[in-house]
$ cat my_file-v7.txt   # compact mmCIF, C-alpha atoms
# COMPACT_ATOMS: atom_id res chain seq x y z
CA MET A 1 434.67 70.43 280.25
CA ASP A 2 433.70 74.00 281.10
CA LEU A 3 434.26 75.13 277.53
CA LYS A 4 431.22 75.30 275.27
CA PRO A 5 431.58 73.07 272.18
CA GLU A 6 430.29 75.95 270.07
CA GLN A 7 431.13 79.48 271.16
CA LYS A 8 427.93 80.86 269.60
CA MET A 9 425.79 78.79 271.96
CA ALA A 10 423.97 80.88 274.57
CA VAL A 11 422.68 79.70 277.92
CA PRO A 12 419.22 81.23 278.51
CA LYS A 13 419.21 83.36 281.65
CA THR A 14 417.12 86.51 281.07
CA LEU A 15 413.47 87.45 280.62
CA GLU A 16 414.19 88.08 276.96
CA HIS A 17 415.58 84.56 276.59
CA CYS A 18 412.45 83.18 278.25
CA GLU A 19 410.28 85.08 275.79
CA LEU A 20 412.22 83.65 272.87
CA LEU A 21 411.64 80.13 274.20
CA LEU A 22 407.90 80.81 274.56
CA ASN A 23 407.74 82.23 271.05
CA ASP A 24 409.01 79.00 269.49
CA TYR A 25 405.61 78.17 267.95
CA SER A 26 406.68 74.81 266.51
CA ALA A 27 407.93 73.59 269.89
CA MET A 28 405.20 75.02 272.11
CA ASN A 29 402.04 74.94 269.97
CA THR A 30 402.47 71.98 267.60
CA GLY A 31 403.34 68.29 267.55
CA TYR A 32 401.01 67.06 270.29
CA PRO A 33 399.93 63.37 270.27
CA THR A 34 397.19 62.46 267.83
CA LEU A 35 396.73 58.77 268.65
CA GLY A 36 393.43 59.46 270.41
CA GLU A 37 391.95 60.95 267.25
CA ILE A 38 393.29 58.09 265.12
CA ALA A 39 391.50 55.62 267.40
CA ALA A 40 388.20 57.58 267.32
CA ASP A 41 385.08 56.44 265.49
CA ASP A 42 383.95 59.56 263.61
CA TYR A 43 385.78 58.42 260.47
CA TYR A 44 386.84 55.19 258.80
CA LEU A 45 389.58 53.90 256.47
CA ASN A 46 389.23 51.62 253.49
CA THR A 47 391.16 48.37 253.89
CA SER A 48 393.51 49.25 251.03
CA ASP A 49 394.29 52.64 252.56
CA TRP A 50 394.87 51.09 255.99
CA LYS A 51 397.30 48.57 254.53
CA SER A 52 399.19 51.34 252.72
CA LEU A 53 399.91 53.28 255.93
CA SER A 54 403.67 53.45 256.43
CA ASN A 55 403.51 54.37 260.12
CA PHE A 56 403.11 51.13 262.09
CA ASP A 57 401.95 52.91 265.26
CA GLU A 58 399.16 54.75 263.43
CA GLN A 59 398.11 51.58 261.61
CA GLN A 60 397.85 49.59 264.82
CA THR A 61 396.22 52.41 266.78
CA TYR A 62 393.39 52.56 264.25
CA ASN A 63 392.65 48.89 265.05
CA TRP A 64 393.10 49.34 268.81
CA SER A 65 395.88 46.77 268.57
CA LEU A 66 397.88 45.63 271.62
CA GLU A 67 401.15 45.76 269.67
CA PHE A 68 403.99 47.74 271.27
CA MET A 69 404.74 51.18 269.84
CA THR A 70 407.85 51.43 267.67
CA LEU A 71 408.24 55.24 267.75
CA ASN A 72 408.22 57.66 270.68
CA THR A 73 407.20 60.87 268.91
CA HIS A 74 403.71 61.05 270.41
CA TRP A 75 405.21 60.66 273.88
CA GLN A 76 408.33 62.73 273.36
CA ASN A 77 406.80 65.88 271.83
CA PRO A 78 404.64 67.01 274.77
CA TYR A 79 407.58 66.41 277.09
CA LYS A 80 409.68 68.75 274.97
CA THR A 81 407.09 71.42 275.73
CA VAL A 82 407.27 70.44 279.41
CA TYR A 83 411.08 70.66 279.34
CA LEU A 84 411.04 74.15 277.83
CA SER A 85 408.39 75.27 280.34
CA ASN A 86 410.52 73.92 283.19
CA GLN A 87 413.58 75.68 281.77
CA ILE A 88 411.68 78.97 281.78
CA LEU A 89 410.40 78.45 285.33
CA SER A 90 413.93 77.63 286.50
CA ILE A 91 415.29 80.84 284.98
CA LEU A 92 412.48 82.93 286.47
CA ALA A 93 413.21 81.55 289.93
CA GLN A 94 416.68 83.15 289.73
CA LEU A 95 415.50 86.56 288.55
CA ASP A 96 414.14 89.58 290.39
CA GLN A 97 410.43 89.64 289.54
CA ASN A 98 410.22 93.33 290.42
CA TYR A 99 412.66 94.29 287.64
CA ASP A 100 409.85 94.06 285.07
CA LYS A 101 406.87 92.79 287.01
CA VAL A 102 404.40 92.78 284.11
CA LYS A 103 406.63 90.85 281.72
CA TYR A 104 407.73 88.50 284.50
CA GLY A 105 404.12 87.65 285.34
CA LYS A 106 403.15 87.05 281.70
CA ILE A 107 406.06 84.68 281.18
CA LEU A 108 405.47 82.89 284.48
CA GLY A 109 401.79 82.38 283.66
CA ALA A 110 402.53 81.20 280.12
CA ALA A 111 405.09 78.64 281.31
CA HIS A 112 402.58 77.15 283.75
CA PHE A 113 399.93 77.15 281.02
CA PHE A 114 402.08 75.30 278.48
CA ARG A 115 403.14 72.70 281.05
CA ALA A 116 399.51 72.11 282.04
CA PHE A 117 398.40 71.86 278.41
CA ALA A 118 401.21 69.42 277.51
CA PHE A 119 400.63 67.25 280.58
CA HIS A 120 396.90 67.09 279.81
CA GLN A 121 397.49 66.13 276.18
CA ALA A 122 399.80 63.31 277.29
CA ALA A 123 397.43 62.15 280.03
CA SER A 124 394.45 62.16 277.65
CA VAL A 125 396.19 59.64 275.40
CA PHE A 126 398.39 57.57 277.70
CA THR A 127 396.26 57.10 280.83
CA MET A 128 392.85 55.69 281.66
CA PRO A 129 389.90 58.12 281.82
CA TYR A 130 389.70 59.92 285.15
CA GLN A 131 387.42 58.37 287.74
CA ALA A 132 387.52 59.88 291.23
CA GLU A 133 386.97 56.46 292.84
CA THR A 134 390.06 54.89 291.21
CA ALA A 135 392.32 57.89 290.45
CA GLU A 136 394.56 57.28 293.48
CA THR A 137 395.45 53.78 292.27
CA GLU A 138 395.44 54.28 288.49
CA MET A 139 398.75 55.02 286.80
CA GLY A 140 399.25 58.58 285.61
CA ILE A 141 402.18 60.06 283.69
CA PRO A 142 405.69 61.11 284.80
CA LEU A 143 405.52 64.63 286.20
CA ARG A 144 408.78 66.24 285.13
CA LEU A 145 408.90 69.49 287.10
CA LYS A 146 412.60 70.38 286.71
CA PRO A 147 414.66 70.99 283.55
CA GLU A 148 417.49 68.70 284.73
CA LEU A 149 417.80 65.51 282.69
CA ASP A 150 419.77 63.38 285.12
CA TYR A 151 417.02 62.22 287.45
CA LYS A 152 414.82 59.18 287.04
CA SER A 153 411.28 59.50 285.74
CA THR A 154 408.58 57.72 287.72
CA ARG A 155 404.91 57.53 286.91
CA SER A 156 402.64 59.40 289.27
CA SER A 157 399.13 58.29 290.12
CA LEU A 158 396.30 59.57 287.94
CA ALA A 159 395.13 61.70 290.87
CA GLU A 160 398.58 63.28 291.20
CA THR A 161 398.70 63.88 287.46
CA TYR A 162 395.44 65.81 287.41
CA THR A 163 396.27 67.64 290.62
CA GLN A 164 399.42 68.97 288.95
CA ILE A 165 397.56 69.96 285.78
CA VAL A 166 394.94 71.82 287.79
CA SER A 167 397.63 73.53 289.89
CA ASP A 168 399.50 74.73 286.80
CA TYR A 169 396.34 76.08 285.19
CA LYS A 170 395.44 77.93 288.39
CA GLN A 171 398.88 79.53 288.42
CA ALA A 172 398.40 80.49 284.78
CA ILE A 173 395.05 82.12 285.61
CA ARG A 174 396.72 84.07 288.42
CA TYR A 175 399.48 85.56 286.27
CA LEU A 176 398.34 85.68 282.64
CA PRO A 177 396.98 88.98 281.27
CA GLU A 178 393.39 89.36 280.14
CA VAL A 179 394.63 90.53 276.74
CA GLU A 180 397.46 88.79 274.87
CA THR A 181 398.26 90.18 271.44
CA LEU A 182 400.74 87.48 270.37
CA LYS A 183 398.77 84.87 268.41
CA GLY A 184 400.52 81.79 269.77
CA ARG A 185 400.57 82.83 273.42
CA PRO A 186 397.80 82.18 275.96
CA GLY A 187 395.88 84.82 277.84
CA LYS A 188 393.80 84.43 280.97
CA ALA A 189 390.76 83.19 279.00
CA ALA A 190 392.86 80.33 277.59
CA ALA A 191 393.80 79.19 281.09
CA TYR A 192 390.14 79.25 282.17
CA ALA A 193 389.23 77.27 279.03
CA GLY A 194 391.99 74.70 279.61
CA LEU A 195 390.94 74.24 283.22
CA ALA A 196 387.27 73.90 282.20
CA ARG A 197 388.29 71.14 279.75
CA VAL A 198 390.25 69.34 282.50
CA TYR A 199 387.42 69.58 285.03
CA LEU A 200 384.99 68.21 282.43
CA ASP A 201 387.31 65.20 282.02
CA MET A 202 387.33 64.84 285.80
CA GLN A 203 383.52 65.02 285.89
CA ALA A 204 383.79 67.95 288.30
CA TYR A 205 380.89 69.68 286.59
CA ASP A 206 380.43 72.60 288.98
CA LYS A 207 384.08 73.59 288.52
CA ALA A 208 383.92 73.02 284.76
CA TYR A 209 380.92 75.36 284.64
CA ALA A 210 382.60 78.06 286.73
CA ASN A 211 385.77 78.12 284.64
CA ALA A 212 383.91 77.97 281.32
CA ASP A 213 381.79 80.89 282.52
CA SER A 214 384.90 82.88 283.51
CA CYS A 215 386.41 82.23 280.09
CA LEU A 216 383.34 83.34 278.18
CA ARG A 217 383.06 86.53 280.20
CA LEU A 218 386.45 87.44 278.74
CA ARG A 219 386.11 85.88 275.27
CA PRO A 220 382.50 85.32 274.12
CA GLU A 221 383.05 85.80 270.36
CA LEU A 222 381.80 83.24 267.84
CA LEU A 223 382.18 82.93 264.09
CA ASN A 224 378.92 83.19 262.17
CA TYR A 225 379.20 80.30 259.73
CA LYS A 226 376.77 82.05 257.39
CA ASP A 227 379.63 84.44 256.55
CA LEU A 228 382.08 81.67 255.64
CA LYS A 229 382.63 80.53 252.07
CA ALA A 230 381.50 76.94 252.34
CA SER A 231 382.76 76.08 248.85
CA ALA A 232 386.36 76.96 249.77
CA SER A 233 388.83 74.14 250.22
CA LEU A 234 389.51 75.36 253.79
CA PRO A 235 386.72 77.78 254.82
CA ILE A 236 387.88 78.58 258.37
CA THR A 237 390.78 80.99 258.76
CA LYS A 238 393.66 80.43 261.16
CA PHE A 239 393.67 82.52 264.37
CA ASN A 240 390.02 83.45 263.89
CA VAL A 241 387.95 85.10 266.65
CA GLU A 242 386.94 81.76 268.20
CA VAL A 243 390.52 80.59 268.75
CA ILE A 244 391.49 81.24 272.36
CA PHE A 245 394.68 79.20 272.12
CA PRO A 246 396.04 77.64 268.91
CA ALA A 247 397.60 74.17 269.00
CA THR A 248 397.91 71.26 266.60
CA SER A 249 398.89 67.63 266.83
CA ILE A 250 401.36 65.60 264.78
CA PHE A 251 400.80 65.11 261.06
CA SER A 252 398.71 61.97 260.65
CA SER A 253 398.12 60.10 257.38
CA PRO A 254 394.95 58.30 258.58
CA LEU A 255 393.28 61.64 259.36
CA GLY A 256 394.26 63.28 256.06
CA GLN A 257 391.65 64.15 253.43
CA SER A 258 392.89 61.50 251.02
CA PHE A 259 392.42 58.68 253.55
CA ALA A 260 389.80 59.52 256.19
CA ARG A 261 386.17 59.03 255.19
CA ILE A 262 383.65 60.70 257.47
CA ASP A 263 381.34 58.29 259.24
CA PRO A 264 378.00 58.34 257.36
CA ASP A 265 375.96 58.61 260.57
CA LEU A 266 377.97 61.65 261.64
CA PHE A 267 377.50 63.31 258.25
CA LYS A 268 373.73 62.65 258.26
CA SER A 269 373.39 64.15 261.74
CA TYR A 270 373.90 67.62 260.23
CA GLY A 271 370.68 68.97 258.69
CA GLU A 272 370.55 70.49 255.21
CA HIS A 273 370.10 73.96 256.71
CA ASP A 274 373.07 73.57 259.05
CA TYR A 275 375.96 75.70 257.74
CA ARG A 276 378.43 73.32 259.39
CA LYS A 277 377.63 70.61 256.87
CA GLY A 278 379.09 72.61 253.99
CA VAL A 279 381.90 74.16 256.05
CA TYR A 280 383.15 70.91 257.59
CA PHE A 281 382.74 68.37 254.80
CA LYS A 282 383.36 67.98 251.08
CA PRO A 283 382.45 65.10 248.71
CA ASN A 284 385.28 62.81 247.72
CA THR A 285 385.74 62.96 243.95
CA SER A 286 387.55 59.62 244.00
CA GLU A 287 384.74 57.75 245.76
CA ALA A 288 381.16 58.89 245.23
CA GLY A 289 378.95 58.99 248.31
CA THR A 290 381.82 59.52 250.76
CA TYR A 291 383.04 62.72 252.39
CA ALA A 292 386.29 64.25 253.67
CA TYR A 293 386.82 66.76 256.47
CA LYS A 294 387.90 70.34 255.67
CA GLY A 295 386.81 72.27 258.77
CA SER A 296 390.21 72.67 260.45
CA TYR A 297 390.59 75.68 262.74
CA ASP A 298 394.26 75.64 261.76
CA ASN A 299 393.32 76.14 258.09
CA SER A 300 395.31 73.01 257.32
CA THR A 301 394.79 69.50 255.96
CA THR A 302 397.92 68.09 257.55
CA THR A 303 397.76 68.59 261.33
CA PRO A 304 394.55 68.26 263.39
CA PHE A 305 393.64 71.31 265.51
CA ILE A 306 393.52 70.50 269.22
CA GLY A 307 393.60 74.03 270.65
CA LEU A 308 390.97 75.86 272.69
CA THR A 309 388.02 77.72 271.14
CA THR A 310 385.04 79.66 272.41
CA SER A 311 382.68 77.22 270.66
CA GLU A 312 384.10 74.34 272.71
CA VAL A 313 383.76 76.38 275.89
CA TYR A 314 380.10 77.14 275.16
CA LEU A 315 379.53 73.39 274.86
CA ILE A 316 381.46 72.71 278.07
CA ARG A 317 379.36 75.28 279.92
CA ALA A 318 376.18 73.84 278.43
CA GLU A 319 377.01 70.26 279.42
CA ALA A 320 378.15 71.30 282.88
CA ALA A 321 374.97 73.35 283.27
CA VAL A 322 372.76 70.35 282.43
CA ARG A 323 374.64 68.14 284.88
CA THR A 324 374.27 70.74 287.65
CA ASN A 325 370.57 71.36 286.93
CA LYS A 326 370.98 74.74 285.20
CA ILE A 327 368.74 73.82 282.28
CA GLY A 328 367.94 77.38 281.27
CA GLN A 329 371.61 78.26 281.03
CA ALA A 330 372.31 75.15 278.95
CA LEU A 331 369.51 76.01 276.51
CA GLY A 332 370.77 79.59 276.29
CA ASP A 333 374.30 78.47 275.41
CA LEU A 334 373.11 76.00 272.78
CA ASN A 335 370.89 78.63 271.22
CA ILE A 336 373.77 81.12 271.06
CA LEU A 337 375.79 78.49 269.22
CA LEU A 338 372.91 77.58 266.90
CA LYS A 339 372.36 81.21 265.92
CA ASN A 340 375.86 81.19 264.50
CA ARG A 341 375.68 77.78 262.85
CA ILE A 342 372.20 77.27 261.34
CA ASN A 343 370.17 79.12 258.72
CA PRO A 344 367.93 81.44 260.84
CA THR A 345 364.86 80.50 258.77
CA PHE A 346 365.01 77.02 260.22
CA LEU A 347 366.51 77.90 263.59
CA ARG A 348 363.20 78.04 265.47
CA LYS A 349 362.47 74.42 264.57
CA SER A 350 365.89 73.33 265.85
CA GLN A 351 365.42 75.24 269.08
CA LYS A 352 362.07 73.51 269.70
CA LEU A 353 363.72 70.12 269.19
CA ILE A 354 366.42 70.98 271.72
CA GLN A 355 363.84 72.09 274.29
CA MET A 356 361.91 68.85 273.76
CA SER A 357 365.07 66.82 274.38
CA PHE A 358 365.37 68.36 277.83
$ encode --input "my_file-v7.txt" --output "structure tokens"
Amino acid sequence: MDLKPEQKMAVPKTLEHCELLLNDYSAMNTGYPTLGEIAADDYYLNTSDWKSLSNFDEQQTYNWSLEFMTLNTHWQNPYKTVYLSNQILSILAQLDQNYDKVKYGKILGAAHFFRAFAFHQAASVFTMPYQAETAETEMGIPLRLKPELDYKSTRSSLAETYTQIVSDYKQAIRYLPEVETLKGRPGKAAAYAGLARVYLDMQAYDKAYANADSCLRLRPELLNYKDLKASASLPITKFNVEVIFPATSIFSSPLGQSFARIDPDLFKSYGEHDYRKGVYFKPNTSEAGTYAYKGSYDNSTTTPFIGLTTSEVYLIRAEAAVRTNKIGQALGDLNILLKNRINPTFLRKSQKLIQMSF
């Protein structure tokens, strides 16, 4: 039993092995659950398209059906990321961190980041929304914190789930570098952004504001949509300056360009002088008067982008600022975003409307 079934198999046990596990982009950065987006209301399906869906889970999720799931991919994938993160943390615990302290810290921080991100993606889909008053009694998700497979999984409370996510992100902030050159790996700004997103979900607005602010002090860059080619089939490049951490969910037929029609009210909410209207949407040639989405930050039509961007963090800081009575800061953040999204000739009018809404 001690013999390996294949002599070429290697048991990971070094920092270099840990890095190789982290650099597995398909395992660590892709395949996250997309059921939440399928159930959202910013698009719709024609009846004929809905009936033609071959994936039963996606078909029933669109209708908010109570039918049991038949596949486990949406549940299994984030736990693969968790397993690999736990494997890395287990290896690190057996190594001398002073041997290569910089590399050790980067890997340690990244492992905590990926586990936090995966846990949050799972919790966002498979638990109830966080409410402080009920979090202790609501069911959370299983918190697998060891790579061993031979122990029973039990569901934690929702409070325990979010406590673990917050703890992992804080560890990531402690160890991750401010600059990370590898495209698929998180830096310190990504951990601040992830924690800001979590705190917004928890309605802890002062903490969401503080972490969003820390992120933007490190990574404030925004794309100017004026410079994008709106007529392109996919105008936004992958790994652009706004992407703090790249991640995508599972391929989903309902959300593909050939099926998903953008909700008319959402489309009309973008003014004619808003660059986002041309960058995000394109007319469907097969059905006049309807529109498809083409604004993926993954430069893809197959897998929805669910990573972290500076534009999202500006909006998190703005919302948290409003809810903590920092109205001037909120207006400032929205105006920064508008300057990079709307034709400047008509920007002043938009800014006045925003000020009136406050």
$ residues_near_point --input "my_file-v7.txt" --point "(380.6, 79.9, 288.9)" --cutoff "12 Å" --atoms "all atoms listed in the file" --output "ChimeraX atom specification"
/A:192,196,205-217,317,320-321,324,326
$ closest_residue --input "my_file-v7.txt" --among "A:Arg219, A:Lys268, A:Lys170, A:His273" --to "Leu338 in chain A" --atoms "all atoms listed in the file"
A:His273
$ residues_around --input "my_file-v7.txt" --residues "Leu45 in chain A" --least-positions-apart "5" --cutoff "10 Å" --atoms "only C-alpha atoms" --output "PyMOL selection string"
chain A and resi 50-51+62+254-255+258-263
$ atom_distance --input "my_file-v7.txt" --atom1 "CA of Leu158 in chain A" --atom2 "CA of Glu136 in chain A"
6.2 Å
$ residues_around --input "my_file-v7.txt" --residues "Gly109 in chain A" --least-positions-apart "3" --cutoff "9 Å" --atoms "all atoms listed in the file" --output "list of chain:residue names"
A:Tyr104, A:Gly105, A:Lys106, A:His112, A:Phe113, A:Phe114, A:Asp168, A:Tyr169, A:Gln171, A:Ala172, A:Ile173, A:Arg174, A:Tyr175, A:Leu176, A:Pro177, A:Pro186, A:Gly187, A:Lys188, A:Ala191
$ closest_atom_pairs --input "my_file-v7.txt" --of "range 136-180 of chain A" --to "range 88-95 of chain A" --cutoff "10 Å" --atoms "only C-alpha atoms" --output "Markdown table"
| residue | atom | partner | partner_atom | distance |
| --- | --- | --- | --- | --- |
| A:Leu145 | CA | A:Leu89 | CA | 9.3 |
| A:Lys146 | CA | A:Ser90 | CA | 7.4 |
| A:Pro147 | CA | A:Ser90 | CA | 7.3 |
| A:Glu148 | CA | A:Ser90 | CA | 9.8 |
$ residues_near_point --input "my_file-v7.txt" --point "(393.1, 58.0, 285.4)" --cutoff "8 Å" --atoms "all atoms listed in the file" --output "MDAnalysis selection string"
chainID A and resid 127:131 134:135 138:140 157:159
$ atom_distance --input "my_file-v7.txt" --atom1 "CA of Glu16 in chain A" --atom2 "CA of Tyr83 in chain A"
17.9 Å
$ axis_aligned_box --input "my_file-v7.txt" --around "range 71-85 of chain A" --padding-each-side "5 Å" --output "AutoDock Vina command-line options"
--center_x 407.4 --center_y 65.3 --center_z 274.0 --size_x 17.4 --size_y 30.0 --size_z 22.6
$ residues_around --input "my_file-v7.txt" --residues "Pro235 in chain A" --least-positions-apart "2" --cutoff "9 Å" --atoms "all atoms listed in the file" --output "PyMOL selection string"
chain A and resi 228-233+237+279-280+294-296+299
$ decode --input "my_file-v7.txt" --residues "range 128-159 of chain A" --atoms "N, CA and C atoms" --output "mmCIF file, in the first residue's frame"
data_model
loop_
_atom_site.group_PDB
_atom_site.id
_atom_site.type_symbol
_atom_site.label_atom_id
_atom_site.label_comp_id
_atom_site.auth_asym_id
_atom_site.auth_seq_id
_atom_site.Cartn_x
_atom_site.Cartn_y
_atom_site.Cartn_z
ATOM 1 N N MET A 128 -28.660 31.802 2.960
ATOM 2 C CA MET A 128 -29.518 32.984 3.000
ATOM 3 C C MET A 128 -28.663 34.240 3.106
ATOM 4 N N PRO A 129 -29.168 35.392 2.678
ATOM 5 C CA PRO A 129 -28.418 36.648 2.850
ATOM 6 C C PRO A 129 -28.100 36.893 4.321
ATOM 7 N N TYR A 130 -26.935 37.466 4.566
ATOM 8 C CA TYR A 130 -26.472 37.688 5.939
ATOM 9 C C TYR A 130 -27.302 38.753 6.642
ATOM 10 N N GLN A 131 -27.818 38.392 7.796
ATOM 11 C CA GLN A 131 -28.494 39.330 8.686
ATOM 12 C C GLN A 131 -27.913 39.107 10.077
ATOM 13 N N ALA A 132 -27.366 40.141 10.677
ATOM 14 C CA ALA A 132 -26.692 39.991 11.974
ATOM 15 C C ALA A 132 -27.611 39.390 13.032
ATOM 16 N N GLU A 133 -28.912 39.724 12.956
ATOM 17 C CA GLU A 133 -29.854 39.277 13.976
ATOM 18 C C GLU A 133 -30.107 37.771 13.916
ATOM 19 N N THR A 134 -29.945 37.159 12.737
ATOM 20 C CA THR A 134 -30.274 35.740 12.569
ATOM 21 C C THR A 134 -29.079 34.876 12.172
ATOM 22 N N ALA A 135 -27.903 35.490 11.996
ATOM 23 C CA ALA A 135 -26.742 34.768 11.455
ATOM 24 C C ALA A 135 -26.315 33.601 12.337
ATOM 25 N N GLU A 136 -26.508 33.698 13.646
ATOM 26 C CA GLU A 136 -26.100 32.618 14.547
ATOM 27 C C GLU A 136 -26.954 31.373 14.365
ATOM 28 N N THR A 137 -28.190 31.541 13.909
ATOM 29 C CA THR A 137 -29.095 30.395 13.780
ATOM 30 C C THR A 137 -29.296 29.948 12.328
ATOM 31 N N GLU A 138 -28.953 30.790 11.374
ATOM 32 C CA GLU A 138 -29.059 30.404 9.963
ATOM 33 C C GLU A 138 -27.958 29.414 9.600
ATOM 34 N N MET A 139 -28.266 28.518 8.661
ATOM 35 C CA MET A 139 -27.282 27.551 8.209
ATOM 36 C C MET A 139 -26.279 28.205 7.260
ATOM 37 N N GLY A 140 -25.000 27.935 7.493
ATOM 38 C CA GLY A 140 -23.956 28.392 6.597
ATOM 39 C C GLY A 140 -23.514 27.265 5.674
ATOM 40 N N ILE A 141 -22.235 27.208 5.394
ATOM 41 C CA ILE A 141 -21.679 26.160 4.532
ATOM 42 C C ILE A 141 -20.668 25.337 5.332
ATOM 43 N N PRO A 142 -20.321 24.136 4.866
ATOM 44 C CA PRO A 142 -19.241 23.381 5.517
ATOM 45 C C PRO A 142 -17.914 24.128 5.381
ATOM 46 N N LEU A 143 -17.215 24.259 6.477
ATOM 47 C CA LEU A 143 -15.935 24.961 6.477
ATOM 48 C C LEU A 143 -14.812 23.924 6.512
ATOM 49 N N ARG A 144 -14.421 23.474 5.341
ATOM 50 C CA ARG A 144 -13.317 22.519 5.236
ATOM 51 C C ARG A 144 -12.009 23.292 5.397
ATOM 52 N N LEU A 145 -11.294 23.018 6.485
ATOM 53 C CA LEU A 145 -10.079 23.754 6.797
ATOM 54 C C LEU A 145 -8.830 22.875 6.791
ATOM 55 N N LYS A 146 -9.002 21.608 6.421
ATOM 56 C CA LYS A 146 -7.872 20.668 6.323
ATOM 57 C C LYS A 146 -7.959 19.928 4.993
ATOM 58 N N PRO A 147 -6.824 19.516 4.421
ATOM 59 C CA PRO A 147 -6.867 18.835 3.125
ATOM 60 C C PRO A 147 -7.317 17.376 3.216
ATOM 61 N N GLU A 148 -7.321 16.799 4.432
ATOM 62 C CA GLU A 148 -7.734 15.411 4.580
ATOM 63 C C GLU A 148 -9.172 15.226 4.099
ATOM 64 N N LEU A 149 -9.434 14.078 3.498
ATOM 65 C CA LEU A 149 -10.763 13.796 2.943
ATOM 66 C C LEU A 149 -11.603 12.892 3.830
ATOM 67 N N ASP A 150 -10.991 12.319 4.855
ATOM 68 C CA ASP A 150 -11.684 11.284 5.626
ATOM 69 C C ASP A 150 -12.297 11.804 6.929
ATOM 70 N N TYR A 151 -12.781 13.030 6.916
ATOM 71 C CA TYR A 151 -13.550 13.497 8.066
ATOM 72 C C TYR A 151 -14.864 14.103 7.572
ATOM 73 N N LYS A 152 -15.879 13.991 8.406
ATOM 74 C CA LYS A 152 -17.234 14.340 8.012
ATOM 75 C C LYS A 152 -17.413 15.852 7.883
ATOM 76 N N SER A 153 -18.102 16.250 6.846
ATOM 77 C CA SER A 153 -18.445 17.658 6.673
ATOM 78 C C SER A 153 -19.722 17.976 7.446
ATOM 79 N N THR A 154 -19.710 19.076 8.159
ATOM 80 C CA THR A 154 -20.911 19.566 8.840
ATOM 81 C C THR A 154 -21.085 21.032 8.506
ATOM 82 N N ARG A 155 -22.321 21.442 8.386
ATOM 83 C CA ARG A 155 -22.587 22.835 8.044
ATOM 84 C C ARG A 155 -22.409 23.719 9.272
ATOM 85 N N SER A 156 -21.673 24.785 9.092
ATOM 86 C CA SER A 156 -21.494 25.774 10.146
ATOM 87 C C SER A 156 -22.706 26.710 10.161
ATOM 88 N N SER A 157 -22.769 27.574 11.138
ATOM 89 C CA SER A 157 -23.783 28.625 11.114
ATOM 90 C C SER A 157 -23.347 29.693 10.110
ATOM 91 N N LEU A 158 -24.276 30.536 9.716
ATOM 92 C CA LEU A 158 -23.935 31.610 8.783
ATOM 93 C C LEU A 158 -22.931 32.569 9.421
ATOM 94 N N ALA A 159 -23.073 32.797 10.725
ATOM 95 C CA ALA A 159 -22.120 33.662 11.427
ATOM 96 C C ALA A 159 -20.720 33.068 11.386
#
